$ cat structure-v8.txt   # compact mmCIF, N, CA and C atoms
# COMPACT_ATOMS: atom_id res chain seq x y z
N MET A 1 96.75 83.64 103.32
CA MET A 1 95.45 83.08 103.57
C MET A 1 94.40 83.74 102.68
N SER A 2 94.50 85.07 102.56
CA SER A 2 93.52 85.78 101.74
C SER A 2 93.67 85.39 100.27
N ASP A 3 94.91 85.12 99.82
CA ASP A 3 95.12 84.69 98.44
C ASP A 3 94.46 83.34 98.18
N ILE A 4 94.59 82.43 99.14
CA ILE A 4 93.96 81.11 98.99
C ILE A 4 92.45 81.26 98.92
N LYS A 5 91.90 82.11 99.78
CA LYS A 5 90.46 82.32 99.77
C LYS A 5 89.99 82.94 98.46
N THR A 6 90.78 83.85 97.91
CA THR A 6 90.43 84.48 96.64
C THR A 6 90.43 83.45 95.51
N VAL A 7 91.45 82.61 95.48
CA VAL A 7 91.53 81.57 94.45
C VAL A 7 90.35 80.61 94.57
N LEU A 8 90.03 80.21 95.79
CA LEU A 8 88.91 79.30 95.98
C LEU A 8 87.59 79.95 95.56
N ALA A 9 87.42 81.21 95.88
CA ALA A 9 86.19 81.91 95.49
C ALA A 9 86.09 82.02 93.97
N ASP A 10 87.21 82.34 93.32
CA ASP A 10 87.21 82.43 91.85
C ASP A 10 86.89 81.09 91.21
N ALA A 11 87.47 80.03 91.74
CA ALA A 11 87.21 78.69 91.20
C ALA A 11 85.75 78.32 91.40
N GLU A 12 85.21 78.67 92.54
CA GLU A 12 83.80 78.38 92.81
C GLU A 12 82.90 79.12 91.82
N ASP A 13 83.21 80.38 91.55
CA ASP A 13 82.42 81.16 90.59
C ASP A 13 82.51 80.56 89.19
N LEU A 14 83.72 80.14 88.79
CA LEU A 14 83.88 79.54 87.47
C LEU A 14 83.08 78.26 87.34
N LEU A 15 83.08 77.46 88.39
CA LEU A 15 82.31 76.21 88.34
C LEU A 15 80.81 76.47 88.24
N LYS A 16 80.35 77.50 88.88
CA LYS A 16 78.93 77.84 88.80
C LYS A 16 78.54 78.29 87.40
N GLN A 17 79.50 78.89 86.69
CA GLN A 17 79.23 79.39 85.35
C GLN A 17 79.53 78.37 84.25
N ALA A 18 79.96 77.18 84.65
CA ALA A 18 80.35 76.15 83.67
C ALA A 18 79.16 75.76 82.80
N ALA A 19 79.48 75.27 81.62
CA ALA A 19 78.44 74.87 80.67
C ALA A 19 77.60 73.73 81.24
N ALA A 20 76.35 73.70 80.84
CA ALA A 20 75.42 72.67 81.32
C ALA A 20 75.63 71.37 80.56
N GLY A 21 75.18 70.29 81.11
CA GLY A 21 75.28 68.98 80.49
C GLY A 21 75.37 67.91 81.56
N GLU A 22 75.16 66.66 81.18
CA GLU A 22 75.18 65.56 82.16
C GLU A 22 76.53 65.46 82.84
N ARG A 23 77.55 65.31 82.06
CA ARG A 23 78.90 65.12 82.62
C ARG A 23 79.38 66.39 83.30
N ALA A 24 79.07 67.54 82.72
CA ALA A 24 79.48 68.82 83.31
C ALA A 24 78.85 69.00 84.68
N SER A 25 77.59 68.60 84.80
CA SER A 25 76.90 68.72 86.08
C SER A 25 77.55 67.84 87.14
N GLU A 26 77.89 66.61 86.76
CA GLU A 26 78.55 65.69 87.69
C GLU A 26 79.92 66.22 88.11
N LEU A 27 80.68 66.71 87.13
CA LEU A 27 82.00 67.26 87.43
C LEU A 27 81.89 68.51 88.31
N ARG A 28 80.89 69.31 88.03
CA ARG A 28 80.68 70.52 88.82
C ARG A 28 80.39 70.17 90.27
N GLU A 29 79.54 69.18 90.49
CA GLU A 29 79.22 68.77 91.86
C GLU A 29 80.45 68.23 92.59
N THR A 30 81.25 67.42 91.88
CA THR A 30 82.47 66.88 92.48
C THR A 30 83.43 68.02 92.84
N ALA A 31 83.59 68.95 91.92
CA ALA A 31 84.48 70.08 92.16
C ALA A 31 83.97 70.95 93.30
N MET A 32 82.66 71.17 93.36
CA MET A 32 82.09 71.97 94.44
C MET A 32 82.33 71.30 95.79
N THR A 33 82.21 69.98 95.83
CA THR A 33 82.46 69.25 97.07
C THR A 33 83.92 69.41 97.50
N ARG A 34 84.82 69.28 96.53
CA ARG A 34 86.24 69.44 96.84
C ARG A 34 86.56 70.87 97.26
N LEU A 35 85.94 71.84 96.64
CA LEU A 35 86.15 73.23 97.03
C LEU A 35 85.66 73.48 98.45
N LYS A 36 84.54 72.86 98.79
CA LYS A 36 84.00 73.01 100.14
C LYS A 36 85.00 72.47 101.16
N VAL A 37 85.59 71.32 100.85
CA VAL A 37 86.60 70.73 101.74
C VAL A 37 87.82 71.66 101.82
N ALA A 38 88.21 72.23 100.68
CA ALA A 38 89.36 73.13 100.66
C ALA A 38 89.09 74.37 101.51
N TRP A 39 87.86 74.91 101.43
CA TRP A 39 87.48 76.06 102.26
C TRP A 39 87.61 75.70 103.74
N GLU A 40 87.13 74.52 104.11
CA GLU A 40 87.18 74.10 105.51
C GLU A 40 88.63 73.94 105.98
N LYS A 41 89.48 73.34 105.12
CA LYS A 41 90.89 73.18 105.48
C LYS A 41 91.58 74.53 105.59
N ALA A 42 91.25 75.46 104.70
CA ALA A 42 91.84 76.80 104.77
C ALA A 42 91.43 77.50 106.06
N ALA A 43 90.18 77.34 106.46
CA ALA A 43 89.72 77.94 107.71
C ALA A 43 90.44 77.31 108.90
N ASP A 44 90.61 75.98 108.87
CA ASP A 44 91.34 75.30 109.95
C ASP A 44 92.78 75.76 110.01
N ALA A 45 93.41 75.91 108.85
CA ALA A 45 94.80 76.37 108.79
C ALA A 45 94.91 77.78 109.35
N GLN A 46 93.94 78.61 109.06
CA GLN A 46 93.95 79.98 109.55
C GLN A 46 93.88 79.99 111.07
N VAL A 47 93.04 79.14 111.65
CA VAL A 47 92.92 79.07 113.10
C VAL A 47 94.25 78.63 113.72
N VAL A 48 94.89 77.64 113.11
CA VAL A 48 96.17 77.14 113.63
C VAL A 48 97.23 78.24 113.57
N VAL A 49 97.31 78.95 112.45
CA VAL A 49 98.31 80.00 112.30
C VAL A 49 98.07 81.12 113.32
N ILE A 50 96.84 81.48 113.53
CA ILE A 50 96.53 82.52 114.51
C ILE A 50 96.93 82.08 115.91
N GLU A 51 96.61 80.84 116.26
CA GLU A 51 96.97 80.33 117.59
C GLU A 51 98.48 80.29 117.78
N GLN A 52 99.22 79.84 116.76
CA GLN A 52 100.68 79.79 116.84
C GLN A 52 101.25 81.21 116.99
N GLY A 53 100.67 82.15 116.28
CA GLY A 53 101.12 83.54 116.38
C GLY A 53 100.89 84.10 117.78
N LYS A 54 99.74 83.78 118.36
CA LYS A 54 99.44 84.23 119.72
C LYS A 54 100.41 83.61 120.72
N LYS A 55 100.73 82.32 120.54
CA LYS A 55 101.68 81.66 121.44
C LYS A 55 103.06 82.29 121.33
N ALA A 56 103.49 82.58 120.12
CA ALA A 56 104.80 83.21 119.91
C ALA A 56 104.83 84.60 120.53
N ALA A 57 103.75 85.35 120.38
CA ALA A 57 103.69 86.70 120.96
C ALA A 57 103.73 86.63 122.49
N ARG A 58 103.01 85.67 123.07
CA ARG A 58 103.04 85.51 124.53
C ARG A 58 104.43 85.13 125.01
N ALA A 59 105.07 84.20 124.31
CA ALA A 59 106.41 83.77 124.70
C ALA A 59 107.40 84.93 124.61
N THR A 60 107.29 85.73 123.56
CA THR A 60 108.17 86.89 123.40
C THR A 60 107.92 87.90 124.51
N ASP A 61 106.66 88.16 124.80
CA ASP A 61 106.31 89.10 125.86
C ASP A 61 106.85 88.64 127.21
N ASP A 62 106.69 87.35 127.49
CA ASP A 62 107.21 86.80 128.75
C ASP A 62 108.73 86.95 128.82
N TYR A 63 109.41 86.64 127.74
CA TYR A 63 110.87 86.73 127.72
C TYR A 63 111.33 88.17 127.95
N VAL A 64 110.68 89.11 127.28
CA VAL A 64 111.06 90.52 127.42
C VAL A 64 110.85 90.99 128.86
N HIS A 65 109.75 90.55 129.48
CA HIS A 65 109.51 90.95 130.87
C HIS A 65 110.51 90.29 131.84
N GLU A 66 110.92 89.09 131.54
CA GLU A 66 111.86 88.38 132.42
C GLU A 66 113.30 88.83 132.21
N HIS A 67 113.65 89.23 130.99
CA HIS A 67 115.03 89.62 130.66
C HIS A 67 115.04 90.95 129.90
N PRO A 68 114.72 92.04 130.57
CA PRO A 68 114.61 93.32 129.84
C PRO A 68 115.93 93.80 129.23
N TRP A 69 117.04 93.69 129.95
CA TRP A 69 118.30 94.20 129.43
C TRP A 69 118.82 93.36 128.28
N GLU A 70 118.64 92.06 128.37
CA GLU A 70 119.04 91.20 127.25
C GLU A 70 118.21 91.53 126.02
N SER A 71 116.93 91.77 126.22
CA SER A 71 116.05 92.11 125.11
C SER A 71 116.48 93.41 124.44
N ILE A 72 116.87 94.40 125.26
CA ILE A 72 117.33 95.67 124.71
C ILE A 72 118.60 95.45 123.91
N GLY A 73 119.51 94.63 124.42
CA GLY A 73 120.75 94.34 123.71
C GLY A 73 120.50 93.63 122.39
N ILE A 74 119.58 92.66 122.40
CA ILE A 74 119.25 91.93 121.17
C ILE A 74 118.63 92.87 120.15
N ALA A 75 117.70 93.72 120.61
CA ALA A 75 117.05 94.67 119.70
C ALA A 75 118.07 95.64 119.11
N ALA A 76 119.01 96.10 119.95
CA ALA A 76 120.04 97.02 119.45
C ALA A 76 120.94 96.33 118.42
N GLY A 77 121.29 95.09 118.69
CA GLY A 77 122.12 94.34 117.74
C GLY A 77 121.42 94.13 116.41
N ILE A 78 120.16 93.76 116.47
CA ILE A 78 119.39 93.57 115.23
C ILE A 78 119.28 94.89 114.48
N GLY A 79 119.03 95.98 115.21
CA GLY A 79 118.94 97.29 114.58
C GLY A 79 120.24 97.69 113.90
N MET A 80 121.36 97.37 114.55
CA MET A 80 122.67 97.69 113.98
C MET A 80 122.91 96.89 112.70
N VAL A 81 122.58 95.62 112.73
CA VAL A 81 122.76 94.77 111.54
C VAL A 81 121.90 95.29 110.39
N ILE A 82 120.65 95.62 110.68
CA ILE A 82 119.76 96.13 109.63
C ILE A 82 120.31 97.45 109.09
N GLY A 83 120.79 98.32 109.99
CA GLY A 83 121.37 99.59 109.56
C GLY A 83 122.58 99.40 108.65
N LEU A 84 123.44 98.44 109.02
CA LEU A 84 124.61 98.15 108.18
C LEU A 84 124.20 97.62 106.81
N LEU A 85 123.19 96.75 106.79
CA LEU A 85 122.74 96.20 105.51
C LEU A 85 122.13 97.28 104.62
N ILE A 86 121.40 98.19 105.23
CA ILE A 86 120.79 99.27 104.45
C ILE A 86 121.85 100.19 103.88
N ASN A 87 122.89 100.50 104.68
CA ASN A 87 123.95 101.40 104.23
C ASN A 87 124.83 100.77 103.15
N ARG A 88 124.88 99.45 103.09
CA ARG A 88 125.70 98.78 102.06
C ARG A 88 125.16 99.03 100.67
N LYS A 89 123.86 99.15 100.54
CA LYS A 89 123.25 99.31 99.25
C LYS A 89 123.37 100.75 98.89
$ encode --input "structure-v8.txt" --output "structure tokens"
Amino acid sequence: MSDIKTVLADAEDLLKQAAAGERASELRETAMTRLKVAWEKAADAQVVVIEQGKKAARATDDYVHEHPWESIGIAAGIGMVIGLLINRK
């Protein structure tokens, strides 16, 4: 998300510094409008991603509280797999 915002900010700065002229001014305004829409969509996407992350965290928390021993077993299995993969290299 931060990369998208950086790219949009850089593009906005470049458009502001663009050469003057009739056609350049028109193109600049069109590009600025599109950038504004892109900023809004990026903000909307960020809200959706945050909400989905919160839902996933809640679901995980609920599962762990409802099935503590299964959760410990799953975590141990994942840890073992990661350990084996690290030792292979």
$ atom_distance --input "structure-v8.txt" --atom1 "CA of Glu66 (chain A)" --atom2 "CA of Ile78 (chain A)"
19.5 Å
$ atom_distance --input "structure-v8.txt" --atom1 "CA of Glu29 (chain A)" --atom2 "atom N of Glu12 (chain A)"
11.6 Å
$ residues_around --input "structure-v8.txt" --residues "region 36-42 of chain A" --least-positions-apart "4" --cutoff "8 Å" --atoms "only N, CA and C atoms" --output "short mmCIF file (atom, residue, chain, number, x, y, z; two decimals) with N, CA and C atoms, keeping the file's coordinate frame"
data_model
loop_
_atom_site.label_atom_id
_atom_site.label_comp_id
_atom_site.auth_asym_id
_atom_site.auth_seq_id
_atom_site.Cartn_x
_atom_site.Cartn_y
_atom_site.Cartn_z
N MET A 1 96.75 83.64 103.32
CA MET A 1 95.45 83.08 103.57
C MET A 1 94.40 83.74 102.68
N ILE A 4 94.59 82.43 99.14
CA ILE A 4 93.96 81.11 98.99
C ILE A 4 92.45 81.26 98.92
N LYS A 5 91.90 82.11 99.78
CA LYS A 5 90.46 82.32 99.77
C LYS A 5 89.99 82.94 98.46
N LEU A 8 90.03 80.21 95.79
CA LEU A 8 88.91 79.30 95.98
C LEU A 8 87.59 79.95 95.56
N THR A 30 81.25 67.42 91.88
CA THR A 30 82.47 66.88 92.48
C THR A 30 83.43 68.02 92.84
N ALA A 31 83.59 68.95 91.92
CA ALA A 31 84.48 70.08 92.16
C ALA A 31 83.97 70.95 93.30
N MET A 32 82.66 71.17 93.36
CA MET A 32 82.09 71.97 94.44
C MET A 32 82.33 71.30 95.79
N GLN A 46 93.94 78.61 109.06
CA GLN A 46 93.95 79.98 109.55
C GLN A 46 93.88 79.99 111.07
N VAL A 47 93.04 79.14 111.65
CA VAL A 47 92.92 79.07 113.10
C VAL A 47 94.25 78.63 113.72
N VAL A 48 94.89 77.64 113.11
CA VAL A 48 96.17 77.14 113.63
C VAL A 48 97.23 78.24 113.57
#
$ atom_distance --input "structure-v8.txt" --atom1 "CA of Ala56 (chain A)" --atom2 "CA of Ile82 (chain A)"
22.3 Å
$ decode --input "structure-v8.txt" --residues "chain A" --atoms "C-alpha atoms" --output "short mmCIF file (atom, residue, chain, number, x, y, z; two decimals), in the first residue's frame"
data_model
loop_
_atom_site.label_atom_id
_atom_site.label_comp_id
_atom_site.auth_asym_id
_atom_site.auth_seq_id
_atom_site.Cartn_x
_atom_site.Cartn_y
_atom_site.Cartn_z
CA MET A 1 0.00 0.00 0.00
CA SER A 2 2.80 2.39 0.89
CA ASP A 3 4.51 1.64 -2.46
CA ILE A 4 1.33 2.53 -4.34
CA LYS A 5 1.02 5.76 -2.38
CA THR A 6 4.66 6.63 -3.10
CA VAL A 7 4.21 6.03 -6.83
CA LEU A 8 1.06 8.13 -6.88
CA ALA A 9 2.76 10.95 -4.99
CA ASP A 10 5.74 10.88 -7.36
CA ALA A 11 3.46 10.96 -10.40
CA GLU A 12 1.53 13.84 -8.92
CA ASP A 13 4.74 15.80 -8.34
CA LEU A 14 5.92 15.13 -11.90
CA LEU A 15 2.63 16.35 -13.33
CA LYS A 16 2.86 19.54 -11.32
CA GLN A 17 6.34 20.16 -12.74
CA ALA A 18 5.32 19.41 -16.34
CA ALA A 19 6.01 21.97 -19.03
CA ALA A 20 3.42 24.68 -19.58
CA GLY A 21 1.27 24.93 -22.69
CA GLU A 22 -2.33 24.53 -23.86
CA ARG A 23 -2.25 20.80 -24.45
CA ALA A 24 0.08 20.16 -21.51
CA SER A 25 -2.32 21.96 -19.19
CA GLU A 26 -5.26 19.89 -20.42
CA LEU A 27 -3.30 16.65 -20.08
CA ARG A 28 -2.11 17.66 -16.65
CA GLU A 29 -5.68 18.28 -15.46
CA THR A 30 -6.83 14.92 -16.86
CA ALA A 31 -3.93 13.14 -15.21
CA MET A 32 -4.52 14.93 -11.91
CA THR A 33 -8.17 13.85 -11.99
CA ARG A 34 -7.16 10.25 -12.64
CA LEU A 35 -4.56 10.39 -9.88
CA LYS A 36 -7.19 11.68 -7.48
CA VAL A 37 -9.40 8.71 -8.35
CA ALA A 38 -6.43 6.37 -7.91
CA TRP A 39 -5.72 7.86 -4.46
CA GLU A 40 -9.36 7.29 -3.46
CA LYS A 41 -9.29 3.69 -4.72
CA ALA A 42 -6.02 3.04 -2.89
CA ALA A 43 -7.56 4.39 0.32
CA ASP A 44 -10.64 2.20 -0.18
CA ALA A 45 -8.44 -0.84 -0.83
CA GLN A 46 -6.50 -0.12 2.33
CA VAL A 47 -9.71 -0.03 4.38
CA VAL A 48 -10.83 -3.36 2.89
CA VAL A 49 -7.47 -5.02 3.57
CA ILE A 50 -7.45 -3.79 7.16
CA GLU A 51 -11.00 -5.04 7.75
CA GLN A 52 -10.19 -8.45 6.25
CA GLY A 53 -7.09 -8.67 8.43
CA LYS A 54 -9.12 -7.87 11.54
CA LYS A 55 -11.70 -10.52 10.61
CA ALA A 56 -8.97 -13.12 10.09
CA ALA A 57 -7.35 -12.22 13.42
CA ARG A 58 -10.70 -12.51 15.22
CA ALA A 59 -11.43 -15.87 13.59
CA THR A 60 -7.98 -17.16 14.54
CA ASP A 61 -8.36 -15.92 18.10
CA ASP A 62 -11.77 -17.57 18.41
CA TYR A 63 -10.44 -20.86 17.03
CA VAL A 64 -7.47 -20.88 19.40
CA HIS A 65 -9.74 -20.23 22.38
CA GLU A 66 -12.18 -22.95 21.32
CA HIS A 67 -9.51 -25.55 20.42
CA PRO A 68 -6.37 -24.84 22.45
CA TRP A 69 -4.76 -28.29 22.17
CA GLU A 70 -5.35 -28.54 18.44
CA SER A 71 -3.83 -25.08 18.05
CA ILE A 72 -0.75 -26.13 20.01
CA GLY A 73 -0.40 -29.23 17.83
CA ILE A 74 -0.75 -27.21 14.62
CA ALA A 75 1.80 -24.64 15.83
CA ALA A 76 4.23 -27.41 16.79
CA GLY A 77 3.81 -29.07 13.39
CA ILE A 78 4.41 -25.82 11.53
CA GLY A 79 7.45 -25.13 13.72
CA MET A 80 8.84 -28.58 12.96
CA VAL A 81 8.37 -28.13 9.21
CA ILE A 82 10.05 -24.72 9.29
CA GLY A 83 12.90 -26.17 11.36
CA LEU A 84 13.39 -29.00 8.86
CA LEU A 85 13.39 -26.57 5.94
CA ILE A 86 15.95 -24.34 7.63
CA ASN A 87 18.24 -27.29 8.42
CA ARG A 88 18.11 -28.50 4.80
CA LYS A 89 19.90 -25.42 3.58
#
